[in-house]
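Raw run.tsv, TSV, C-alpha atoms:
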```
chain	number	residue	atom	x	y	z
Q	15	MET	CA	70.08	3.92	24.59
Q	16	ASP	CA	66.69	5.17	25.53
Q	17	SER	CA	66.46	4.22	29.20
Q	18	ALA	CA	62.78	5.07	29.32
Q	19	ALA	CA	62.08	2.48	26.69
Q	20	ALA	CA	64.30	-0.09	28.44
Q	21	ALA	CA	62.82	0.40	31.90
Q	22	PRO	CA	59.62	-1.46	32.71
Q	23	HIS	CA	56.64	0.84	32.38
Q	24	PHE	CA	55.94	1.02	36.07
Q	25	VAL	CA	52.81	2.95	36.98
Q	26	HIS	CA	52.36	3.71	40.66
Q	27	PRO	CA	48.96	3.11	42.11
Q	28	PRO	CA	47.46	6.56	42.79
Q	29	THR	CA	47.76	6.16	46.59
Q	30	THR	CA	48.21	3.46	49.20
Q	31	THR	CA	44.62	3.88	50.37
Q	32	GLY	CA	43.30	3.59	46.85
Q	33	LEU	CA	41.78	7.02	47.29
Q	34	ASP	CA	42.94	10.17	45.60
Q	35	ASN	CA	44.96	12.30	48.04
Q	36	ARG	CA	43.27	15.48	46.84
Q	37	LYS	CA	39.87	14.20	47.85
Q	38	VAL	CA	41.15	12.96	51.20
Q	39	ALA	CA	42.69	16.41	51.70
Q	40	ILE	CA	39.48	18.31	50.96
Q	41	TRP	CA	37.53	16.12	53.41
Q	42	ALA	CA	40.22	16.68	56.07
Q	43	PHE	CA	40.04	20.42	55.35
Q	44	ILE	CA	36.24	20.37	55.64
Q	45	GLY	CA	36.58	18.53	58.96
Q	46	SER	CA	38.89	21.26	60.26
Q	47	GLU	CA	36.49	23.92	58.96
Q	48	CYS	CA	33.70	22.30	61.00
Q	49	MET	CA	35.74	23.06	64.13
Q	50	LEU	CA	36.45	26.63	63.00
Q	51	PHE	CA	32.78	27.40	62.43
Q	52	ALA	CA	31.77	25.58	65.63
Q	53	SER	CA	34.07	27.92	67.56
Q	54	LEU	CA	32.56	30.98	65.86
Q	55	ILE	CA	28.99	29.74	66.44
Q	56	SER	CA	29.84	28.91	70.08
Q	57	THR	CA	31.14	32.44	70.58
Q	58	TYR	CA	27.96	33.90	69.08
Q	59	LEU	CA	25.72	31.71	71.25
Q	60	ILE	CA	27.70	32.39	74.44
Q	61	TYR	CA	27.42	36.16	73.91
Q	62	LYS	CA	23.77	35.94	72.85
Q	63	GLY	CA	21.56	38.08	75.08
Q	64	ARG	CA	24.55	39.62	76.92
Q	65	SER	CA	24.77	42.90	75.03
Q	66	VAL	CA	24.16	45.85	77.34
Q	67	THR	CA	23.21	48.23	74.54
Q	68	GLY	CA	21.24	47.87	71.30
Q	69	PRO	CA	20.52	47.22	68.55
Q	70	PHE	CA	19.50	43.68	69.45
Q	71	PRO	CA	18.79	40.85	66.99
Q	72	HIS	CA	15.19	39.98	67.89
Q	73	GLU	CA	14.14	42.53	70.50
Q	74	ALA	CA	13.49	46.27	70.35
Q	75	CYS	CA	15.73	48.55	72.41
Q	76	ASN	CA	13.97	51.47	74.05
Q	77	PRO	CA	15.22	54.43	76.16
Q	78	PRO	CA	16.85	54.61	78.65
Q	79	GLN	CA	18.71	51.41	77.60
Q	80	CYS	CA	19.30	52.97	74.17
Q	81	ALA	CA	19.55	56.67	73.39
Q	82	VAL	CA	16.81	56.33	70.77
Q	83	ALA	CA	14.25	53.58	70.20
Q	84	LEU	CA	15.69	50.81	68.01
Q	85	LYS	CA	13.67	48.05	66.37
Q	86	PRO	CA	14.88	44.42	66.12
Q	87	ILE	CA	17.66	44.44	63.56
Q	88	LEU	CA	17.49	41.05	61.84
Q	89	ASN	CA	15.62	41.06	58.54
Q	90	ILE	CA	14.20	37.53	58.27
Q	91	PRO	CA	12.49	37.88	54.84
Q	92	VAL	CA	15.73	39.06	53.18
Q	93	THR	CA	17.80	36.36	54.87
Q	94	SER	CA	15.23	33.70	53.93
Q	95	ALA	CA	15.59	34.75	50.29
Q	96	SER	CA	19.38	34.56	50.48
Q	97	THR	CA	19.11	31.13	52.13
Q	98	PHE	CA	16.92	29.93	49.25
Q	99	VAL	CA	19.49	31.29	46.77
Q	100	LEU	CA	22.32	29.38	48.46
Q	101	LEU	CA	20.25	26.16	48.58
Q	102	MET	CA	19.54	26.46	44.85
Q	103	SER	CA	23.22	27.09	44.16
Q	104	SER	CA	23.96	23.71	45.76
Q	105	LEU	CA	21.48	22.08	43.36
Q	106	PHE	CA	23.17	23.79	40.40
Q	107	MET	CA	26.56	22.65	41.67
Q	108	VAL	CA	25.59	18.97	41.68
Q	109	LEU	CA	24.12	19.41	38.21
Q	110	ALA	CA	27.45	20.95	37.07
Q	111	LEU	CA	29.32	17.95	38.45
Q	112	GLU	CA	26.89	15.56	36.79
Q	113	ALA	CA	27.31	17.40	33.47
Q	114	VAL	CA	31.12	17.10	33.70
Q	115	GLU	CA	31.02	13.41	34.68
Q	116	ASN	CA	28.64	12.50	31.87
Q	117	LYS	CA	29.87	14.82	29.13
Q	118	GLY	CA	29.33	13.27	25.72
Q	119	LYS	CA	26.98	10.57	26.99
Q	120	ALA	CA	23.50	10.05	25.62
Q	121	GLY	CA	20.90	12.05	27.51
Q	122	TYR	CA	23.36	14.79	28.37
Q	123	GLU	CA	22.94	16.92	25.30
Q	124	GLY	CA	21.83	20.53	25.53
Q	125	ILE	CA	21.57	22.35	28.82
Q	126	ARG	CA	21.67	19.20	30.95
Q	127	GLY	CA	25.18	18.41	29.76
Q	128	SER	CA	26.37	22.02	29.73
Q	129	SER	CA	28.82	22.27	32.61
Q	130	LYS	CA	29.55	25.87	31.56
Q	131	PHE	CA	25.92	26.83	32.17
Q	132	TRP	CA	25.66	25.13	35.57
Q	133	LEU	CA	29.04	26.42	36.79
Q	134	MET	CA	28.21	29.99	35.80
Q	135	ALA	CA	24.69	29.69	37.27
Q	136	THR	CA	26.18	28.47	40.58
Q	137	ALA	CA	28.69	31.34	40.60
Q	138	ILE	CA	25.90	33.86	39.88
Q	139	LEU	CA	23.80	32.51	42.75
Q	140	GLY	CA	26.85	32.64	45.02
Q	141	ALA	CA	27.44	36.26	44.01
Q	142	THR	CA	23.74	36.98	44.62
Q	143	PHE	CA	24.08	35.60	48.14
Q	144	LEU	CA	27.06	37.92	48.68
Q	145	GLY	CA	24.93	40.80	47.38
Q	146	PHE	CA	22.27	39.98	49.98
Q	147	GLN	CA	24.96	39.91	52.65
Q	148	ALA	CA	26.40	43.24	51.53
Q	149	PHE	CA	22.89	44.72	51.66
Q	150	GLU	CA	22.35	43.31	55.14
Q	151	PHE	CA	25.69	44.56	56.49
Q	152	THR	CA	25.14	48.01	54.99
Q	153	SER	CA	21.65	48.35	56.42
Q	154	PHE	CA	22.90	47.20	59.85
Q	155	VAL	CA	25.61	49.85	59.84
Q	156	HIS	CA	23.04	52.49	58.84
Q	157	GLU	CA	20.84	51.34	61.75
Q	158	GLY	CA	23.73	51.75	64.18
Q	159	LEU	CA	25.14	48.20	64.46
Q	160	THR	CA	28.85	47.83	63.71
Q	161	ILE	CA	31.41	45.24	64.78
Q	162	ARG	CA	32.29	47.55	67.73
Q	163	THR	CA	28.77	48.45	68.91
Q	164	ASN	CA	28.09	45.53	71.27
Q	165	LEU	CA	28.73	41.82	71.83
Q	166	PHE	CA	26.03	40.88	69.35
Q	167	GLY	CA	27.61	43.05	66.63
Q	168	SER	CA	31.11	41.67	67.25
Q	169	SER	CA	30.09	38.02	67.22
Q	170	PHE	CA	27.53	38.42	64.41
Q	171	PHE	CA	29.83	40.23	61.98
Q	172	THR	CA	32.72	37.86	62.76
Q	173	LEU	CA	30.61	34.74	62.19
Q	174	THR	CA	28.72	35.86	59.07
Q	175	GLY	CA	31.80	37.72	57.75
Q	176	PHE	CA	33.88	34.53	57.91
Q	177	HIS	CA	31.10	32.67	56.13
Q	178	GLY	CA	30.87	35.40	53.48
Q	179	ALA	CA	34.65	35.17	52.96
Q	180	HIS	CA	34.25	31.44	52.36
Q	181	VAL	CA	31.46	32.08	49.84
Q	182	THR	CA	33.71	34.61	48.07
Q	183	VAL	CA	36.49	32.01	47.77
Q	184	GLY	CA	33.90	29.54	46.45
Q	185	VAL	CA	32.68	31.99	43.79
Q	186	LEU	CA	36.27	32.65	42.65
Q	187	TRP	CA	36.90	28.89	42.52
Q	188	LEU	CA	33.74	28.38	40.43
Q	189	LEU	CA	34.75	31.16	38.04
Q	190	THR	CA	38.18	29.55	37.68
Q	191	LEU	CA	36.55	26.24	36.75
Q	192	PHE	CA	34.29	28.10	34.32
Q	193	ALA	CA	37.35	29.72	32.70
Q	194	ILE	CA	39.03	26.30	32.36
Q	195	ASP	CA	35.82	24.93	30.85
Q	196	MET	CA	35.71	27.81	28.34
Q	197	ARG	CA	39.40	27.39	27.47
Q	198	ARG	CA	39.72	23.65	26.99
Q	199	GLY	CA	36.45	22.08	28.12
Q	200	LEU	CA	35.88	19.98	31.24
Q	201	GLY	CA	35.22	16.29	30.75
Q	202	PRO	CA	34.98	13.08	32.78
Q	203	LYS	CA	38.75	13.10	33.41
Q	204	ASP	CA	38.28	16.43	35.23
Q	205	ALA	CA	35.45	15.14	37.42
Q	206	LEU	CA	37.64	15.10	40.53
Q	207	ILE	CA	38.63	18.78	40.40
Q	208	VAL	CA	34.97	19.75	39.98
Q	209	ASP	CA	33.99	17.32	42.75
Q	210	ILE	CA	36.48	18.94	45.15
Q	211	CYS	CA	35.08	22.39	44.40
Q	212	ALA	CA	31.55	21.00	44.79
Q	213	LEU	CA	32.39	19.56	48.23
Q	214	TYR	CA	33.68	22.96	49.37
Q	215	TRP	CA	30.60	24.70	47.99
Q	216	HIS	CA	28.17	22.30	49.68
Q	217	PHE	CA	30.07	22.70	52.94
Q	218	VAL	CA	29.60	26.47	52.73
Q	219	ASP	CA	25.90	25.73	52.21
Q	220	VAL	CA	25.58	23.44	55.25
Q	221	VAL	CA	27.34	26.00	57.43
Q	222	TRP	CA	24.74	28.55	56.35
Q	223	ILE	CA	21.95	26.08	57.17
Q	224	ALA	CA	23.27	26.02	60.75
Q	225	ILE	CA	23.82	29.80	60.92
Q	226	PHE	CA	20.36	30.58	59.54
Q	227	THR	CA	18.66	28.54	62.25
Q	228	LEU	CA	20.92	29.37	65.20
Q	229	VAL	CA	21.43	33.08	64.50
Q	230	TYR	CA	18.36	34.22	62.60
Q	231	LEU	CA	15.44	32.00	63.60
Q	232	ILE	CA	16.03	31.02	67.23
Q	233	LYS	CA	15.18	33.98	69.43
O	12	MET	CA	71.24	11.68	29.42
O	13	ALA	CA	69.20	9.79	31.87
O	14	ASP	CA	65.52	9.74	31.38
O	15	HIS	CA	63.66	9.64	34.69
O	16	SER	CA	60.25	9.27	33.22
O	17	HIS	CA	59.85	5.81	34.75
O	18	GLN	CA	60.35	7.29	38.22
O	19	THR	CA	57.73	9.94	37.85
O	20	ASP	CA	55.17	8.07	35.86
O	21	HIS	CA	52.21	8.67	38.12
O	22	ALA	CA	49.12	7.95	36.10
O	23	GLU	CA	46.55	10.71	36.33
O	24	PRO	CA	43.35	8.94	37.36
O	25	THR	CA	40.44	9.40	35.05
O	26	GLY	CA	36.80	9.71	36.07
O	27	ALA	CA	36.38	5.98	35.49
O	28	ASP	CA	39.39	5.25	37.72
O	29	HIS	CA	37.84	7.22	40.55
O	30	ALA	CA	34.73	5.11	40.35
O	31	SER	CA	36.78	1.92	40.51
O	32	MET	CA	38.88	3.29	43.42
O	33	GLY	CA	35.87	3.11	45.68
O	34	GLU	CA	35.53	6.88	45.95
O	35	VAL	CA	32.15	7.20	44.39
O	36	HIS	CA	30.05	4.08	44.09
O	37	GLU	CA	27.06	5.80	42.58
O	38	HIS	CA	25.45	9.20	42.54
O	39	PRO	CA	21.83	10.19	42.96
O	40	THR	CA	19.99	10.76	39.72
O	41	TRP	CA	18.95	14.11	38.25
O	42	LYS	CA	15.41	13.43	39.53
O	43	GLN	CA	16.66	12.69	43.06
O	44	TYR	CA	18.68	15.91	43.10
O	45	LYS	CA	15.55	17.87	42.26
O	46	TRP	CA	13.56	16.08	44.97
O	47	VAL	CA	16.30	16.88	47.47
O	48	ALA	CA	16.17	20.56	46.45
O	49	LEU	CA	12.39	20.55	46.84
O	50	ILE	CA	12.58	18.99	50.31
O	51	LEU	CA	15.25	21.50	51.41
O	52	THR	CA	13.12	24.39	50.16
O	53	LEU	CA	9.98	23.08	51.86
O	54	VAL	CA	11.75	22.59	55.19
O	55	THR	CA	13.17	26.14	54.95
O	56	VAL	CA	9.67	27.50	54.24
O	57	ILE	CA	8.30	25.62	57.27
O	58	GLU	CA	11.12	26.99	59.47
O	59	VAL	CA	10.44	30.58	58.43
O	60	TRP	CA	6.68	30.07	58.72
O	61	ALA	CA	7.15	28.74	62.27
O	62	TYR	CA	9.17	31.87	63.13
O	63	TYR	CA	6.09	34.01	62.47
O	64	ILE	CA	3.71	32.06	64.76
O	65	PRO	CA	4.07	33.81	68.17
O	66	SER	CA	2.33	31.05	70.15
O	67	PHE	CA	4.66	28.43	68.65
O	68	VAL	CA	7.74	30.60	69.20
O	69	ALA	CA	6.73	30.94	72.88
O	70	SER	CA	6.29	27.18	73.30
O	71	LYS	CA	9.04	24.85	74.55
O	72	LEU	CA	8.88	22.89	71.31
O	73	PHE	CA	10.03	25.76	69.09
O	74	VAL	CA	13.79	25.46	69.57
O	75	PRO	CA	13.99	21.61	69.49
O	76	ILE	CA	11.81	21.41	66.37
O	77	LEU	CA	13.80	24.12	64.60
O	78	LEU	CA	17.08	22.41	65.51
O	79	PHE	CA	15.68	19.08	64.30
O	80	MET	CA	14.65	20.58	60.94
O	81	SER	CA	18.01	22.31	60.55
O	82	ALA	CA	19.87	19.09	61.38
O	83	GLY	CA	17.69	17.27	58.84
O	84	LYS	CA	18.65	19.75	56.11
O	85	PHE	CA	22.31	19.47	57.12
O	86	VAL	CA	22.23	15.67	56.88
O	87	ILE	CA	20.37	15.70	53.53
O	88	VAL	CA	22.93	18.03	51.91
O	89	VAL	CA	25.87	16.04	53.29
O	90	MET	CA	24.43	12.66	52.33
O	91	PHE	CA	23.08	13.47	48.87
O	92	TYR	CA	24.81	16.59	47.53
O	93	MET	CA	28.20	15.81	49.09
O	94	HIS	CA	27.67	12.11	48.25
O	95	LEU	CA	28.80	10.97	51.69
O	96	LYS	CA	26.09	8.30	51.60
O	97	TYR	CA	27.77	6.79	48.56
O	98	ASP	CA	31.45	7.55	49.23
O	99	HIS	CA	34.25	5.72	50.98
O	100	LYS	CA	33.97	5.30	54.75
O	101	LEU	CA	37.28	7.14	55.26
O	102	PHE	CA	35.63	10.33	54.02
O	103	ARG	CA	32.75	9.73	56.41
O	104	ALA	CA	35.24	9.40	59.28
O	105	LEU	CA	37.15	12.52	58.21
O	106	PHE	CA	33.94	14.54	58.32
O	107	THR	CA	31.97	13.05	61.20
O	108	GLY	CA	34.97	12.81	63.57
O	109	PRO	CA	35.70	16.56	63.66
O	110	LEU	CA	31.96	17.32	63.48
O	111	ILE	CA	31.32	15.28	66.64
O	112	ILE	CA	34.26	16.96	68.43
O	113	ALA	CA	32.99	20.38	67.31
O	114	SER	CA	29.42	19.65	68.42
O	115	LEU	CA	30.49	18.33	71.82
O	116	THR	CA	32.75	21.35	72.35
O	117	LEU	CA	29.87	23.68	71.45
O	118	ILE	CA	27.50	21.93	73.86
O	119	ALA	CA	30.15	21.89	76.63
O	120	LEU	CA	30.76	25.63	76.21
O	121	LEU	CA	27.02	26.35	76.36
O	122	PHE	CA	26.82	24.40	79.64
O	123	LEU	CA	29.94	26.14	80.96
O	124	PHE	CA	28.55	29.60	80.26
O	125	GLY	CA	25.13	28.80	81.68
O	126	HIS	CA	23.11	28.71	78.47
O	127	LEU	CA	22.10	25.07	79.02
O	128	HIS	CA	20.99	23.50	82.28
O	129	ILE	CA	20.39	19.93	83.41
O	130	GLY	CA	17.10	19.42	85.20
```

Mind turning this structure into structure tokens?
Amino acid sequence: MDSAAAAPHFVHPPTTTGLDNRKVAIWAFIGSECMLFASLISTYLIYKGRSVTGPFPHEACNPPQCAVALKPILNIPVTSASTFVLLMSSLFMVLALEAVENKGKAGYEGIRGSSKFWLMATAILGATFLGFQAFEFTSFVHEGLTIRTNLFGSSFFTLTGFHGAHVTVGVLWLLTLFAIDMRRGLGPKDALIVDICALYWHFVDVVWIAIFTLVYLIK
Amino acid sequence: MADHSHQTDHAEPTGADHASMGEVHEHPTWKQYKWVALILTLVTVIEVWAYYIPSFVASKLFVPILLFMSAGKFVIVVMFYMHLKYDHKLFRALFTGPLIIASLTLIALLFLFGHLHIG
């Protein structure tokens, strides 16, 4: 006898809260990440202005404090461009989610409904941001600032390095979604997995909004 | 051979199910998303512009205004792009609870290490 056929077709509700556990988990994870980045930002702010030797973020360092004259090290125009890139990537991410949720619906033909395009565009912008960060780190090292140079270098590279690592994970996640989309297509039934990735990506963006102001703009 | 399919028959929620589960009531429209992006860009431009005005940087208003603009951008992204404005209140609690703890800890540490003063 086929027991499956005999048993009542009992379908569990997805969860007791009525909310998908995966989405609850990503919000809990984001909450914990808030505390991680707050600790890193706190460390940066506590050590701000306490370096005994240059280079300094916003001030020049002249002899005898430094062996040679050093100009302020932060490059605001470059970082402003990378901030704009990350903000635009967040826009592309919501458009990717919208394309997945509304796939096949009227008004979502062409590029507007192309989740592949928006996912790849978001990943490219994320990779561009990482390129800006690699450029910044390289130029800092060439100008004499490493993670071991002074308190500013240690806290700056730790904070922005952790953020860059998060962006890297986000780019890999986006490329994975893109590969799934290429292989079998993403549709409304996949909206949640794209939404979870989108939440992570936007969180990375809001962390950068805080870092940009607190580290780069406030002297 | 026993068939345990009835014990493991968890239905995979579809996009429509998620909407009915109270997770996402509604999303901003394509037009709203573009307006949000424009506002975020404009605020960023104003922040950077302010950075290059020495008299403003020297004033007492510089830091509070910059923090206010940054907080505004933070809230806009969380409310509209992360859909927290439209989502279930449990998600709001999961995010704002740790965020408040983190912010208070940050402020307490700044007081403790003498970066902030009362009076």

### Query
Which protein, DNA or RNA residues have an atom at most 12 Å from (31.7, 23.5, 74.0), counting all atoms listed in the file? List them as a ChimeraX atom specification.
/Q:49,52-57,59-60 /O:111-127

### Task
Would you mind reading off the distance between atom CA of His177 of chain Q and atom CA of Ala141 of chain Q, one decimal, in Å?
13.2 Å

### Message
I'd like the neighbourhood of segment 74-83 of chain Q as JSON, numbers by chain, where a residue qualifies if any of its atoms comes within 12 Å (using all atoms listed in the file), though same-chain residues fewer than 3 positions away should be ignored.
### Response
{"Q": [65, 66, 67, 68, 69, 70, 71, 86, 87, 88, 157, 158, 163, 164]}

### Message
Rounded to one decimal, what separation in Å do you get between atom CA of Gly32 of chain Q and atom CA of Ala104 of chain O?
### Response
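If I compute the distance from atom CA of Gly32 of chain Q to atom CA of Ala104 of chain O, I get 15.9 Å.
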
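Relative to atom CA of Ile50 of chain O, atom CA of Leu50 of chain Q is found at 28.1 Å.
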
#### Entry: Nearest candidate to chain Q (options O:Trp60, O:Trp46, O:Phe106, O:Phe91; using all atoms listed in the file)
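Among the listed residues, the smallest separation from chain Q belongs to O:Phe106.
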
### Query
Do you know which residues are at most 9 Å from Phe146 of chain Q counting all atoms listed in the file, after dropping those on the same chain fewer than 2 positions away, and could you put them as a list in words?
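These residues fall inside the cut-off: Val92, Thr93, Ala95, Ser96, Ala141, Thr142, Phe143, Leu144, Ala148, Phe149, Glu150 and Phe151 of chain Q.
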
### Nearest residue to Val54 of chain O from the set O:Phe79, O:Tyr97, O:Phe102, O:Tyr92 (distances using only C-alpha atoms)
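Under the stated criterion, the closest residue is O:Phe79.
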
### Task
Compare O:Ala61, O:Pro39, O:Ile129, O:His99 by their minimum atom-to-atom distance to Val74 of chain O, counting only C-alpha atoms, and give me the closest one.
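For Val74 of chain O, the nearest of the given residues is O:Ala61.
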
Can you take the partial segment 35-55 of chain O, add N, CA and C atoms, and return it as a PDB file, keeping the file's coordinate frame?
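Once written, out_26.pdb looks like this:
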```pdb
ATOM      1  N   VAL O  35      33.547   6.903  44.648  1.00  0.00           N
ATOM      2  CA  VAL O  35      32.150   7.200  44.390  1.00  0.00           C
ATOM      3  C   VAL O  35      31.522   5.944  43.796  1.00  0.00           C
ATOM      4  N   HIS O  36      30.670   5.305  44.572  1.00  0.00           N
ATOM      5  CA  HIS O  36      30.050   4.080  44.090  1.00  0.00           C
ATOM      6  C   HIS O  36      28.929   4.402  43.105  1.00  0.00           C
ATOM      7  N   GLU O  37      28.127   5.359  43.463  1.00  0.00           N
ATOM      8  CA  GLU O  37      27.060   5.800  42.580  1.00  0.00           C
ATOM      9  C   GLU O  37      26.607   7.171  43.056  1.00  0.00           C
ATOM     10  N   HIS O  38      25.963   7.885  42.180  1.00  0.00           N
ATOM     11  CA  HIS O  38      25.450   9.200  42.540  1.00  0.00           C
ATOM     12  C   HIS O  38      23.942   9.183  42.441  1.00  0.00           C
ATOM     13  N   PRO O  39      23.282  10.067  43.163  1.00  0.00           N
ATOM     14  CA  PRO O  39      21.830  10.190  42.960  1.00  0.00           C
ATOM     15  C   PRO O  39      21.554  10.621  41.522  1.00  0.00           C
ATOM     16  N   THR O  40      20.350  10.371  41.085  1.00  0.00           N
ATOM     17  CA  THR O  40      19.990  10.760  39.720  1.00  0.00           C
ATOM     18  C   THR O  40      19.555  12.221  39.698  1.00  0.00           C
ATOM     19  N   TRP O  41      19.422  12.727  38.482  1.00  0.00           N
ATOM     20  CA  TRP O  41      18.950  14.110  38.250  1.00  0.00           C
ATOM     21  C   TRP O  41      17.624  14.346  38.975  1.00  0.00           C
ATOM     22  N   LYS O  42      16.734  13.335  38.896  1.00  0.00           N
ATOM     23  CA  LYS O  42      15.410  13.430  39.530  1.00  0.00           C
ATOM     24  C   LYS O  42      15.553  13.509  41.058  1.00  0.00           C
ATOM     25  N   GLN O  43      16.447  12.682  41.610  1.00  0.00           N
ATOM     26  CA  GLN O  43      16.660  12.690  43.060  1.00  0.00           C
ATOM     27  C   GLN O  43      17.215  14.027  43.538  1.00  0.00           C
ATOM     28  N   TYR O  44      18.115  14.600  42.734  1.00  0.00           N
ATOM     29  CA  TYR O  44      18.680  15.910  43.100  1.00  0.00           C
ATOM     30  C   TYR O  44      17.574  16.947  43.191  1.00  0.00           C
ATOM     31  N   LYS O  45      16.633  16.882  42.252  1.00  0.00           N
ATOM     32  CA  LYS O  45      15.550  17.870  42.260  1.00  0.00           C
ATOM     33  C   LYS O  45      14.605  17.645  43.444  1.00  0.00           C
ATOM     34  N   TRP O  46      14.384  16.383  43.787  1.00  0.00           N
ATOM     35  CA  TRP O  46      13.560  16.080  44.970  1.00  0.00           C
ATOM     36  C   TRP O  46      14.244  16.596  46.241  1.00  0.00           C
ATOM     37  N   VAL O  47      15.548  16.407  46.305  1.00  0.00           N
ATOM     38  CA  VAL O  47      16.300  16.880  47.470  1.00  0.00           C
ATOM     39  C   VAL O  47      16.163  18.398  47.588  1.00  0.00           C
ATOM     40  N   ALA O  48      16.294  19.096  46.448  1.00  0.00           N
ATOM     41  CA  ALA O  48      16.170  20.560  46.450  1.00  0.00           C
ATOM     42  C   ALA O  48      14.773  20.981  46.909  1.00  0.00           C
ATOM     43  N   LEU O  49      13.765  20.235  46.459  1.00  0.00           N
ATOM     44  CA  LEU O  49      12.390  20.550  46.840  1.00  0.00           C
ATOM     45  C   LEU O  49      12.185  20.368  48.347  1.00  0.00           C
ATOM     46  N   ILE O  50      12.708  19.264  48.868  1.00  0.00           N
ATOM     47  CA  ILE O  50      12.580  18.990  50.310  1.00  0.00           C
ATOM     48  C   ILE O  50      13.290  20.080  51.126  1.00  0.00           C
ATOM     49  N   LEU O  51      14.498  20.458  50.691  1.00  0.00           N
ATOM     50  CA  LEU O  51      15.250  21.500  51.410  1.00  0.00           C
ATOM     51  C   LEU O  51      14.492  22.822  51.403  1.00  0.00           C
ATOM     52  N   THR O  52      13.886  23.137  50.260  1.00  0.00           N
ATOM     53  CA  THR O  52      13.120  24.390  50.160  1.00  0.00           C
ATOM     54  C   THR O  52      11.898  24.338  51.067  1.00  0.00           C
ATOM     55  N   LEU O  53      11.188  23.210  51.044  1.00  0.00           N
ATOM     56  CA  LEU O  53       9.980  23.080  51.860  1.00  0.00           C
ATOM     57  C   LEU O  53      10.298  23.188  53.356  1.00  0.00           C
ATOM     58  N   VAL O  54      11.370  22.531  53.769  1.00  0.00           N
ATOM     59  CA  VAL O  54      11.750  22.590  55.190  1.00  0.00           C
ATOM     60  C   VAL O  54      12.108  24.026  55.579  1.00  0.00           C
ATOM     61  N   THR O  55      12.815  24.733  54.678  1.00  0.00           N
ATOM     62  CA  THR O  55      13.170  26.140  54.950  1.00  0.00           C
ATOM     63  C   THR O  55      11.903  26.990  55.081  1.00  0.00           C
TER      64      THR O  55
END
```
